[in-house]
Each structure stands twice: as C-alpha cells, then as structure tokens.
Amino acid sequence: MKIKIKFYKYHGCGNDFIIIDETERQIIPDKLKGKVSSIVCKRRFSIGADDVLYLVPSNKADAQMKIFEPDGTEANMCGNGIRCAAKYLCEKIGKNQVKIETRAGVKLIEKIGEEFKVNMGQLLKNYGELKEFVKMNFKEDEELIDKQIKFPLIGEIKVSIVSTGEPHIVIFVEDVEKEDIEKYAKVIARNRQIFPKGITVNLVQILNEKHLKIRTYERGVWGETLACGTGATASAAVAYLLNKVKEKEVYIEARGGKLKIIIDKNLYMIGPAQKVYSGEITLDI
C-alpha cells in the first residue's frame, strides 16, 4: 500500500515535529498512524522528528491534534508541538487565536508577537490523578511533591511526580550539564515496575529566583530532546511550589531555546514556533 503524504516540518526550541494536515480529508488510516510515525521520525533514514502531529477535524475546537511518538505510541499532550500546530493553523485560517483539542483537553493558544501563549491548565500532583502512570504505595489524595524515593544504581533521591498533560518527574540538581541523563533514564524513565507507561525525566537547575535551566529525557522518544514544553511547565510549577523560585513568571533555559512559564490559577507557556520546510514523501506501508 503506497501513500503519498504532504507534510510540514516545524520546531519549537529545537523540539521538532512533522505536521500532517487531515482536517479536510484523512490521508493515513487511524490504525496506521503509529506505524507511519515510527517510519518518518527516524533520523538519517527518513524525514526525522521527535513526533508526528496529525491535525484532524474536531467538533470542540479548530482542530484536534493527535500526537504519535517515534515508538508508535500516542501521547496525550505536547507543549512545543501545540505551539507549532497553532502557528500552522493561525496562518491557514487567518486567525491570531485558535483552540486545539488534545487527549488532555481543549487548549487555547494565542499569538503574541512572534510567539505563542498556551493555556496549559492546572498541575496534576495527587496520586489519585496519576495512578495510570505511577504504581507505588501512596494515599489517593497525597501530593507527590518532593518525595524521597529509592531507585536502582542511583539510590535515594528527592523527586516530584506530576502531570501537565503528560507525566513528568522533576529532579533538582546542582549542574544539569554535569549530570548523566542516560543514567536517570535507565532507572527512572524506563522503569516499568514503578512507571508502567514510562515517564519523562526533567533535570532542573536553579539559576536564580526566576530562571531555571533544564534537560529532558522524553518517554516515547526514548532520548534527550532539545526542549519539552510540558516538562518546562511542570518544572516551573514544582519549583514554585517548593519555593525554589519566587516569581510567578519563570524563564526556562533548555538546550534548544527559551520558554516562559506563567504561574496563575492555570499554567501558561509562552514560546516560539518555527516552520522549517514542507514537502512530500511516498511510503510503501
């Protein structure tokens, strides 16, 4: 079965995506979306990307964004990806504000200058809200913030387990550049006994009262990415809860660029989105 696919390549702070627009007609059958993602995301062998974003019709929003990872699984939410999808949709339909439906709910995105502001919703931090992703002995209403947990090889460390549409573990370190993120990935991100669906690991360094530096190892990609929007949001929110930052506007320095997180009743993420190129690829599935 041969499929010709028109695609658009975007990135947000170096976190790169393939956008496939199916708002007018379906191009790839739903049962093949994961397989196509695993093929086209391969760097050096295909287009290369951290995720594929399929834009499909929605009766709740301007479009629905289906996020498929390089391993073929479907994610709930992607912070950098939704800004890229918003940029694409804003230019297509001529608006400065769009709503995009995700598995984590409908998100409102506004164009502000050359950047995009996303309403990320509220931080999920209670064990009862995270049981799908965490298998441990906690009370239903217990907050998984600043918990001492023992892991193989690295021993006992303080971690916070939260969700901003995707499950994250936040670990504060002295210097992110000196850390071996693969070591954390092996015993935490891929630890299916504790995290049955895997979990994204964020190593976070406090630079000052409103600046953080972050490195992220993403589940689904199963590697370090240059930025992670949901991870940046989670890290800023946890840092604020633990009084490690004092301001409600937190600036995040990732390897691929900078994001701004606003902490209010809801969490807001502001950052860039950039079109790289468009093209066509024919796949023999």
# chains A, B, ... in the order shown; residues from 1 in each chain; ligands from 1
call {"tool": "select_by_dssp", "arguments": {"residues": "stretch 86-149 of chain A", "states": "strand (DSSP E or B)", "output": "ChimeraX atom specification"}}
result
/A:97-102,105-112,115-121,124,126,143,147-149
call {"tool": "write_last_selection", "arguments": {"atoms": "C-alpha atoms", "output": "short mmCIF file (atom, residue, chain, number, x, y, z; two decimals), in the first residue's frame"}}
result
data_model
loop_
_atom_site.label_atom_id
_atom_site.label_comp_id
_atom_site.auth_asym_id
_atom_site.auth_seq_id
_atom_site.Cartn_x
_atom_site.Cartn_y
_atom_site.Cartn_z
CA GLN A 97 -6.12 32.68 18.37
CA VAL A 98 -7.05 29.01 17.98
CA LYS A 99 -8.41 26.17 20.07
CA ILE A 100 -6.84 22.74 19.67
CA GLU A 101 -8.34 19.57 21.10
CA THR A 102 -5.93 17.06 22.65
CA GLY A 105 -8.42 18.56 26.86
CA VAL A 106 -9.03 21.59 24.65
CA LYS A 107 -6.19 24.12 24.76
CA LEU A 108 -6.45 27.81 23.87
CA ILE A 109 -3.42 29.25 22.07
CA GLU A 110 -2.88 32.95 21.34
CA LYS A 111 -0.35 34.51 19.00
CA ILE A 112 1.58 37.22 20.85
CA GLU A 115 5.44 33.78 19.98
CA PHE A 116 2.52 31.67 21.12
CA LYS A 117 0.87 31.52 24.54
CA VAL A 118 -0.75 28.24 25.57
CA ASN A 119 -3.19 27.73 28.43
CA MET A 120 -1.72 24.51 29.84
CA GLY A 121 -4.40 24.04 32.52
CA LEU A 124 -1.90 17.39 38.50
CA ASN A 126 -2.11 13.98 43.64
CA GLU A 143 0.72 15.07 46.73
CA LYS A 147 9.20 12.61 47.74
CA GLN A 148 12.21 10.56 48.77
CA ILE A 149 12.27 7.50 46.51
#
call {"tool": "closest_residue", "arguments": {"among": "A:Ser278, A:Gln205, A:Asn15, A:Ser38", "to": "A:Glu174", "atoms": "only C-alpha atoms"}}
result
A:Gln205
call {"tool": "select_by_dssp", "arguments": {"residues": "stretch 38-123 of chain A", "states": "helix (DSSP H, G or I)", "output": "list in words"}}
result
Ser38, Ile39, Val40, Gly79, Asn80, Gly81, Ile82, Arg83, Cys84, Ala85, Ala86, Lys87, Tyr88, Leu89, Cys90, Glu91, Lys92 and Ile93 of chain A
call {"tool": "residues_around", "arguments": {"residues": "A:Thr23", "least_positions_apart": "3", "cutoff": "8 Å", "atoms": "only C-alpha atoms", "output": "number ranges by chain"}}
result
A: 26, 55-57, 63
call {"tool": "write_last_selection", "arguments": {"atoms": "C-alpha atoms", "output": "compact mmCIF listing (two decimals), in the first residue's frame"}}
result
# COMPACT_ATOMS: atom_id res chain seq x y z
CA GLN A 26 -7.99 11.57 6.00
CA LEU A 55 -4.39 17.56 12.65
CA VAL A 56 -7.89 16.12 12.29
CA PRO A 57 -11.42 17.60 12.49
CA ALA A 63 -8.75 21.11 15.05
call {"tool": "closest_residue", "arguments": {"among": "A:Glu114, A:Glu247, A:Glu132, A:Asp71", "to": "A:Pro272", "atoms": "only C-alpha atoms"}}
result
A:Glu114
call {"tool": "residues_around", "arguments": {"residues": "A:Val170", "least_positions_apart": "3", "cutoff": "10 Å", "atoms": "only C-alpha atoms", "output": "list in words"}}
result
Ile145, Asp146, Lys158, Val159, Ser160, Ile161, Val162, Val173, Thr200, Val201, Asn202, Leu203, Val204, Ile214, Thr216, Gly231, Ala232, Ala234, Ser235, Ala236, Val238 and Ala239 of chain A
call {"tool": "atom_distance", "arguments": {"atom1": "atom CA of A:Lys9", "atom2": "atom CA of A:Tyr251"}}
result
26.0 Å
call {"tool": "atom_distance", "arguments": {"atom1": "atom CA of A:His168", "atom2": "atom CA of A:Lys87"}}
result
25.5 Å
call {"tool": "closest_residue", "arguments": {"among": "A:Ile18, A:Ile199, A:Cys41, A:Ile181", "to": "A:Ala75", "atoms": "only C-alpha atoms"}}
result
A:Ile199
call {"tool": "closest_residue", "arguments": {"among": "A:Met65, A:Ala185, A:Ile20, A:Leu267", "to": "A:Val221", "atoms": "only C-alpha atoms"}}
result
A:Ala185
call {"tool": "closest_residue", "arguments": {"among": "A:Arg103, A:Lys244, A:Lys260, A:Lys139", "to": "A:Asn208", "atoms": "only C-alpha atoms"}}
result
A:Lys244
call {"tool": "atom_distance", "arguments": {"atom1": "atom CA of A:Phe7", "atom2": "atom CA of A:Glu280"}}
result
6.0 Å
